[in-house]
Amino acid sequence: MEIKVHYLSPFMEITEAKNEIIKTKKELTIAELLEQLVERYGERFAKFIYRYDANKQIEGYRVIIKKNDYLAKKDDFIKDGDQITLITAIIGG
Amino acid sequence: MSSFGYNNRILMVNLSSGEIGLEHPGDAFYRRYVGGANLGAYYLLKNWKKGIGALDPENTIVFAASPLTGTPVPGFSRHSVVSVSPLTGTIVDSEAGGYFGPELKKAGYDAVVITGKAKKPVYLAILDDKVELKSAENIWGRVTKEAEMGIRKDLKEDKAIVTQIGPAGENLVSFACIVNNLKHFNGRGGLGAVMGSKNLKAIAVRGSKKVNVFNEELLREKVKSFAGKFKDNPFNNLLNRLGTAGVTTLQNTDGQLPTKNFQTGVFSKAENLSGEKIHETIFHRAEACYACSVRCKMTVSNETEGFELDPAYGGPEYEGISALGPYTEIGDLLTVAKANEMCNKYGLDAVSMGSIAAFAMECYEKGLIKKEEAEGIELVFGNNEALIQLIKAVKERKGIGNLLADGIRKAAEKMGKEAEKLAVHVKGMDFAAHDPRAKVSFGLAYAVQPIGPDHIGHFGDPGLSPDGFDNVPDQLNSFGFYDTHSPDDLDLGKAAFFYYGQMINSFHDVFDICTFTSVPGGTWELSDILELIKAITGWNYSAWELMKLGERRVNMLKVFNVLNGIGAEEDRLPPRMFEPFQSGPRKGAKIEKEALEKTIKAYYQVAGWDSSGVPGKAKLIELGLGWLSERLEKKE
Ligand code: SF4
């Protein structure tokens, strides 16, 4: 299965690509895809995806995900050929 | 008395008599009102009497910094200007970054309170202890760069920080702004026209002192920690690399970039106006407000004939880009950048200018502005030349520009019922580039905020709980936030969620902290802010006191509006917000009217206000504002 992932700033700065194709054998949820990307791109990327508490434990997300033309939820499944876009959640107007 | 952070000196200037004096309000005053927006609201309310309008000589205008302003801390560069707004008739506090606030503090003052009207154009010169009113006749009518140069030459002070109005303020355009260092703005609410009505062209300040702080070492440590971590914060990282223009693509991808007078949330040419595109084409260099390492101010330059861009005027930022671009469906970067520069030169709020242009274009499209009334300006969406012509016409109050210069509400009222349906405003103030249909808590915010649709009066819900990603950041628990609320809900829980968020942003306006750098989206966390307040003032501050400070501000503003006859009937949204988005990822999203009305009532209850939105006596006494409760009772 192939998923096209689009990166906007500031993700693009780390991936050094505007988009890429992720190949996977099993069906993934949005949350699982994010885990895979964090594994690939490391700690800096993780800081842009997750929000950490004072004990450095993941307490939530700081990213908005668009799947094709709609906003996705973390448990949504991704299908072959879906386009996923990572958007930084802007807080503060 | 040894005060830390503040000078305990407030400059009182009466332009009618020419008298200049000093007030020393004392420690208890600063602990209660602190500075910035609250200090300004206090003096305005104290001086204001029923019937005094925005442009009357008796109106007061206050320029105020906070105890934190001018310390070498990223984000602590702002100051507030407070007065009655000619655009809305409400009280307005408008914050700007840049250098004016820090310089005022270094000159030895916390605020300047101005009343009266000068017989001829003047500017106020503050060089440490030497304060005088000087003639501005030579620079009246000049664009901002020429006026700034004229003042610096007159004072023989190359480094004087000048905050001023342009020709738009002199011509009493209802959305004229105040500009410092040519590129930082007290943009919203038309306070430039208040200065214009007083024949006050500018305030120039130069200070040689240092802000006295309680614990230098702790302060240094905190500043160092910011440098080490702000690039790991995705929002601050984005701002550092692309400025606020970096948000344009995000907003468009997310289907919430207001386009074609708020008819949709996607713009096909948004890429042309993105932060990335600016960097590839007209980017000059990144600049900063005083002491800020985020450096999100992207200046631009260009030499193409007819589209020359002078970096002295800064560069287009997200709000201005959106209003002058997508609102009007103009996708040509050079036109948008030029239009933005013209606003900065003439002292026009770029958001209001873009909004009124988009409104005029839709009116023209629907035949509500006739060709002859437009006097040769082909006011169609996407027409680059029309935008440029309209900016000149508004600044000069010529032809159709004269009608539009009175602001969106007055212009629509004159044009009739059909035009009023197209006017996207609350209380007379047009919308900044955040659409309540995409962030419904903004619907509530825009409806009930005393100064009108203030886009940084609250943080939007998608940022806290992106769809399906329920979480409340740990640090917000300390303010009493425990639950998330779906970004799409408009209900009783959302009223409380918004109220708490409003108080958090409100204390930022009192301490004059840049919200970009601070809790909940920026690098400074709550614990940092509390430590910084301690390091600067010596005060043992708490999250509770911060929230009460924010509440004090909102209640002072609200009391002013009630006294001035602006009540619950103006806590509303314009018709467009009840129409669905026509396209994009949020196609079909709209505000439900009944849900909004119920949520507004719930908000009043959470705030301790009555069912008409009037602050209750007990709430005002709790906040130490008993004197305002008495004024509400006497209705004066
Ligand atoms: S983040 Fe940007 S706007 Fe805020 S203080 Fe820093 S440079 Fe100024």
# chains A, B, ... in the order shown; residues from 1 in each chain; ligands from 1
$ closest_atom_pairs --of "chain B" --to "ligand 1" --cutoff "6 Å" --atoms "only C-alpha atoms and all ligand atoms" --output "CSV"
residue,atom,partner,partner_atom_place_in_ligand_line,distance
B:Gly75,CA,ligand 1,5 (S),3.9
B:Gly97,CA,ligand 1,8 (Fe),5.6
B:Ala288,CA,ligand 1,7 (S),4.0
B:Cys289,CA,ligand 1,8 (Fe),4.2
B:Cys292,CA,ligand 1,6 (Fe),4.6
B:Val294,CA,ligand 1,6 (Fe),5.0
B:Arg295,CA,ligand 1,7 (S),4.2
B:Cys296,CA,ligand 1,2 (Fe),4.2
B:Lys297,CA,ligand 1,7 (S),5.7
B:Cys514,CA,ligand 1,4 (Fe),4.8
B:Phe516,CA,ligand 1,1 (S),5.2
B:Thr517,CA,ligand 1,1 (S),5.5
$ select_by_dssp --residues "range 245-382 of chain B" --states "helix (DSSP H, G or I)" --output "ChimeraX atom specification"
/B:245-253,270-273,275-280,311-313,318-324,326-328,333-346,350-365
$ closest_residue --among "B:Leu563, B:Ile10, B:Ile504, B:Val131" --to "Glu545 in chain B" --atoms "only C-alpha atoms"
B:Ile504
$ residues_around --residues "Asn68 in chain A" --least-positions-apart "2" --cutoff "8 Å" --atoms "only C-alpha atoms" --output "list in words"
Lys66, Tyr70, Asp82, Gln83, Ile84 and Thr85 of chain A
$ interface_residues --of "chain A" --to "chain B" --cutoff "12 Å" --atoms "only C-alpha atoms" --output "PyMOL selection string"
chain A and resi 6-14+18+30-31+43-76+84-93
$ select_by_dssp --residues "chain A" --states "strand (DSSP E)" --output "PyMOL selection string"
chain A and resi 2-7+19-23+28-29+50-52+58-61+63-67+70-71+77-78+83-88
$ residues_around --residues "range 337-347 of chain B" --least-positions-apart "5" --cutoff "8 Å" --atoms "only C-alpha atoms" --output "JSON, numbers by chain"
{"B": [143, 144, 145, 165, 166, 167, 168, 169, 176, 177, 178, 179, 182, 183, 192, 307, 308, 309, 310, 313, 314, 315, 316, 320, 321, 324, 353, 387, 388, 391, 395]}
$ write_last_selection --atoms "N, CA and C atoms" --output "PDB file, in the first residue's frame"
ATOM      1  N   VAL B 143       4.270  61.263   4.531  1.00  0.00           N
ATOM      2  CA  VAL B 143       4.177  59.818   4.805  1.00  0.00           C
ATOM      3  C   VAL B 143       5.117  59.490   5.963  1.00  0.00           C
ATOM      4  N   THR B 144       4.947  58.310   6.531  1.00  0.00           N
ATOM      5  CA  THR B 144       5.578  58.018   7.821  1.00  0.00           C
ATOM      6  C   THR B 144       7.118  58.088   7.797  1.00  0.00           C
ATOM      7  N   LYS B 145       7.736  57.623   6.719  1.00  0.00           N
ATOM      8  CA  LYS B 145       9.213  57.632   6.705  1.00  0.00           C
ATOM      9  C   LYS B 145       9.745  59.070   6.696  1.00  0.00           C
ATOM     10  N   ILE B 165       1.309  58.913  13.389  1.00  0.00           N
ATOM     11  CA  ILE B 165       0.240  58.643  12.430  1.00  0.00           C
ATOM     12  C   ILE B 165       0.705  59.092  11.048  1.00  0.00           C
ATOM     13  N   GLY B 166       0.070  58.549  10.028  1.00  0.00           N
ATOM     14  CA  GLY B 166       0.328  58.986   8.662  1.00  0.00           C
ATOM     15  C   GLY B 166      -0.805  59.889   8.198  1.00  0.00           C
ATOM     16  N   PRO B 167      -0.833  60.209   6.914  1.00  0.00           N
ATOM     17  CA  PRO B 167      -1.902  61.070   6.388  1.00  0.00           C
ATOM     18  C   PRO B 167      -3.304  60.522   6.680  1.00  0.00           C
ATOM     19  N   ALA B 168      -3.465  59.197   6.765  1.00  0.00           N
ATOM     20  CA  ALA B 168      -4.803  58.636   7.025  1.00  0.00           C
ATOM     21  C   ALA B 168      -5.312  59.064   8.401  1.00  0.00           C
ATOM     22  N   GLY B 169      -4.420  59.066   9.385  1.00  0.00           N
ATOM     23  CA  GLY B 169      -4.816  59.508  10.724  1.00  0.00           C
ATOM     24  C   GLY B 169      -5.155  60.991  10.729  1.00  0.00           C
ATOM     25  N   ALA B 176      -7.476  54.313  10.790  1.00  0.00           N
ATOM     26  CA  ALA B 176      -6.067  54.723  10.748  1.00  0.00           C
ATOM     27  C   ALA B 176      -5.348  54.093  11.936  1.00  0.00           C
ATOM     28  N   CYS B 177      -4.105  53.677  11.704  1.00  0.00           N
ATOM     29  CA  CYS B 177      -3.367  53.027  12.783  1.00  0.00           C
ATOM     30  C   CYS B 177      -2.270  53.946  13.326  1.00  0.00           C
ATOM     31  N   ILE B 178      -1.555  53.459  14.320  1.00  0.00           N
ATOM     32  CA  ILE B 178      -0.392  54.161  14.872  1.00  0.00           C
ATOM     33  C   ILE B 178       0.817  53.272  14.566  1.00  0.00           C
ATOM     34  N   VAL B 179       1.877  53.896  14.071  1.00  0.00           N
ATOM     35  CA  VAL B 179       3.034  53.141  13.554  1.00  0.00           C
ATOM     36  C   VAL B 179       4.275  53.477  14.366  1.00  0.00           C
ATOM     37  N   LEU B 182       8.205  52.629  11.758  1.00  0.00           N
ATOM     38  CA  LEU B 182       7.689  52.428  10.390  1.00  0.00           C
ATOM     39  C   LEU B 182       7.115  51.044  10.140  1.00  0.00           C
ATOM     40  N   LYS B 183       7.286  50.102  11.091  1.00  0.00           N
ATOM     41  CA  LYS B 183       6.850  48.743  10.765  1.00  0.00           C
ATOM     42  C   LYS B 183       6.223  47.976  11.920  1.00  0.00           C
ATOM     43  N   GLY B 192      -5.258  55.834  15.311  1.00  0.00           N
ATOM     44  CA  GLY B 192      -4.540  56.880  14.576  1.00  0.00           C
ATOM     45  C   GLY B 192      -5.422  58.098  14.339  1.00  0.00           C
ATOM     46  N   PHE B 307       6.543  48.818  -8.592  1.00  0.00           N
ATOM     47  CA  PHE B 307       6.378  47.909  -7.446  1.00  0.00           C
ATOM     48  C   PHE B 307       7.606  47.953  -6.543  1.00  0.00           C
ATOM     49  N   GLU B 308       8.251  49.128  -6.483  1.00  0.00           N
ATOM     50  CA  GLU B 308       9.423  49.261  -5.630  1.00  0.00           C
ATOM     51  C   GLU B 308       8.990  49.042  -4.178  1.00  0.00           C
ATOM     52  N   LEU B 309       9.794  48.282  -3.443  1.00  0.00           N
ATOM     53  CA  LEU B 309       9.479  48.030  -2.032  1.00  0.00           C
ATOM     54  C   LEU B 309      10.666  48.466  -1.185  1.00  0.00           C
ATOM     55  N   ASP B 310      10.391  49.281  -0.187  1.00  0.00           N
ATOM     56  CA  ASP B 310      11.434  49.815   0.677  1.00  0.00           C
ATOM     57  C   ASP B 310      11.434  49.018   1.986  1.00  0.00           C
ATOM     58  N   TYR B 313       9.947  49.897   5.515  1.00  0.00           N
ATOM     59  CA  TYR B 313       8.538  49.722   5.904  1.00  0.00           C
ATOM     60  C   TYR B 313       8.216  48.289   6.311  1.00  0.00           C
ATOM     61  N   GLY B 314       9.220  47.467   6.490  1.00  0.00           N
ATOM     62  CA  GLY B 314       8.977  46.092   6.927  1.00  0.00           C
ATOM     63  C   GLY B 314       8.525  45.220   5.780  1.00  0.00           C
ATOM     64  N   GLY B 315       7.555  44.391   6.032  1.00  0.00           N
ATOM     65  CA  GLY B 315       7.052  43.499   4.993  1.00  0.00           C
ATOM     66  C   GLY B 315       5.677  43.001   5.371  1.00  0.00           C
ATOM     67  N   PRO B 316       4.992  42.386   4.408  1.00  0.00           N
ATOM     68  CA  PRO B 316       3.625  41.934   4.700  1.00  0.00           C
ATOM     69  C   PRO B 316       3.614  40.768   5.681  1.00  0.00           C
ATOM     70  N   GLY B 320      -2.198  40.985   7.219  1.00  0.00           N
ATOM     71  CA  GLY B 320      -2.255  41.944   6.119  1.00  0.00           C
ATOM     72  C   GLY B 320      -2.285  41.254   4.763  1.00  0.00           C
ATOM     73  N   ILE B 321      -1.466  40.214   4.629  1.00  0.00           N
ATOM     74  CA  ILE B 321      -1.442  39.455   3.370  1.00  0.00           C
ATOM     75  C   ILE B 321      -2.848  38.932   3.072  1.00  0.00           C
ATOM     76  N   LEU B 324      -5.417  41.855   2.269  1.00  0.00           N
ATOM     77  CA  LEU B 324      -5.180  42.537   0.986  1.00  0.00           C
ATOM     78  C   LEU B 324      -5.157  41.541  -0.174  1.00  0.00           C
ATOM     79  N   MET B 353      -8.229  47.812   5.797  1.00  0.00           N
ATOM     80  CA  MET B 353      -8.185  48.270   4.402  1.00  0.00           C
ATOM     81  C   MET B 353      -8.567  47.126   3.463  1.00  0.00           C
ATOM     82  N   LEU B 387      -7.320  47.775  -6.127  1.00  0.00           N
ATOM     83  CA  LEU B 387      -6.910  47.815  -4.721  1.00  0.00           C
ATOM     84  C   LEU B 387      -5.985  49.012  -4.480  1.00  0.00           C
ATOM     85  N   ILE B 388      -5.027  49.186  -5.381  1.00  0.00           N
ATOM     86  CA  ILE B 388      -4.070  50.295  -5.234  1.00  0.00           C
ATOM     87  C   ILE B 388      -4.808  51.644  -5.299  1.00  0.00           C
ATOM     88  N   ILE B 391      -6.858  52.295  -2.038  1.00  0.00           N
ATOM     89  CA  ILE B 391      -6.067  52.688  -0.858  1.00  0.00           C
ATOM     90  C   ILE B 391      -5.803  54.208  -0.904  1.00  0.00           C
ATOM     91  N   LYS B 395      -7.253  56.949   1.810  1.00  0.00           N
ATOM     92  CA  LYS B 395      -6.306  57.806   2.540  1.00  0.00           C
ATOM     93  C   LYS B 395      -6.648  59.286   2.347  1.00  0.00           C
TER      94      LYS B 395
END
$ atom_distance --atom1 "CA of Pro57 in chain B" --atom2 "CA of Ser17 in chain B"
11.7 Å
$ residues_around --residues "Val13 in chain B" --least-positions-apart "4" --cutoff "7 Å" --atoms "only C-alpha atoms" --output "ChimeraX atom specification"
/B:19-21,113-115
$ residues_around --residues "range 570-582 of chain B" --least-positions-apart "2" --cutoff "6 Å" --atoms "only C-alpha atoms" --output "list of chain:residue names"
B:Thr264, B:Lys421, B:Val424, B:Lys427, B:Ala447, B:Val448, B:Gly567, B:Ala568, B:Lys587, B:Gly588, B:Ala589, B:Lys590, B:Ile591
$ write_last_selection --atoms "N, CA and C atoms" --output "PDB file, in the first residue's frame"
ATOM      1  N   THR B 264     -15.454  31.897   1.205  1.00  0.00           N
ATOM      2  CA  THR B 264     -14.882  30.561   1.288  1.00  0.00           C
ATOM      3  C   THR B 264     -13.599  30.590   2.125  1.00  0.00           C
ATOM      4  N   LYS B 421     -25.864  43.118   4.828  1.00  0.00           N
ATOM      5  CA  LYS B 421     -25.738  41.654   4.889  1.00  0.00           C
ATOM      6  C   LYS B 421     -24.339  41.189   4.479  1.00  0.00           C
ATOM      7  N   VAL B 424     -18.849  42.135   6.890  1.00  0.00           N
ATOM      8  CA  VAL B 424     -18.357  41.187   7.895  1.00  0.00           C
ATOM      9  C   VAL B 424     -17.694  41.990   9.025  1.00  0.00           C
ATOM     10  N   LYS B 427     -19.573  45.056  15.964  1.00  0.00           N
ATOM     11  CA  LYS B 427     -19.468  46.357  16.631  1.00  0.00           C
ATOM     12  C   LYS B 427     -18.788  47.397  15.731  1.00  0.00           C
ATOM     13  N   ALA B 447     -17.952  37.675  18.953  1.00  0.00           N
ATOM     14  CA  ALA B 447     -19.251  38.246  19.318  1.00  0.00           C
ATOM     15  C   ALA B 447     -19.186  39.035  20.623  1.00  0.00           C
ATOM     16  N   VAL B 448     -18.483  38.494  21.629  1.00  0.00           N
ATOM     17  CA  VAL B 448     -18.631  39.091  22.965  1.00  0.00           C
ATOM     18  C   VAL B 448     -17.474  39.981  23.407  1.00  0.00           C
ATOM     19  N   GLY B 567     -24.467  47.582  24.392  1.00  0.00           N
ATOM     20  CA  GLY B 567     -24.904  46.459  25.217  1.00  0.00           C
ATOM     21  C   GLY B 567     -24.947  45.142  24.474  1.00  0.00           C
ATOM     22  N   ALA B 568     -25.743  44.221  25.041  1.00  0.00           N
ATOM     23  CA  ALA B 568     -25.801  42.840  24.539  1.00  0.00           C
ATOM     24  C   ALA B 568     -26.253  42.755  23.086  1.00  0.00           C
ATOM     25  N   LYS B 587     -15.914  22.713   3.755  1.00  0.00           N
ATOM     26  CA  LYS B 587     -17.136  23.007   3.008  1.00  0.00           C
ATOM     27  C   LYS B 587     -18.359  22.660   3.855  1.00  0.00           C
ATOM     28  N   GLY B 588     -19.305  23.574   3.914  1.00  0.00           N
ATOM     29  CA  GLY B 588     -20.538  23.318   4.662  1.00  0.00           C
ATOM     30  C   GLY B 588     -20.495  23.802   6.105  1.00  0.00           C
ATOM     31  N   ALA B 589     -19.275  24.052   6.643  1.00  0.00           N
ATOM     32  CA  ALA B 589     -19.189  24.490   8.047  1.00  0.00           C
ATOM     33  C   ALA B 589     -19.808  25.872   8.206  1.00  0.00           C
ATOM     34  N   LYS B 590     -20.578  26.050   9.263  1.00  0.00           N
ATOM     35  CA  LYS B 590     -21.168  27.358   9.561  1.00  0.00           C
ATOM     36  C   LYS B 590     -21.445  27.460  11.055  1.00  0.00           C
ATOM     37  N   ILE B 591     -21.768  28.645  11.500  1.00  0.00           N
ATOM     38  CA  ILE B 591     -22.132  28.840  12.909  1.00  0.00           C
ATOM     39  C   ILE B 591     -23.649  28.656  13.029  1.00  0.00           C
TER      40      ILE B 591
END
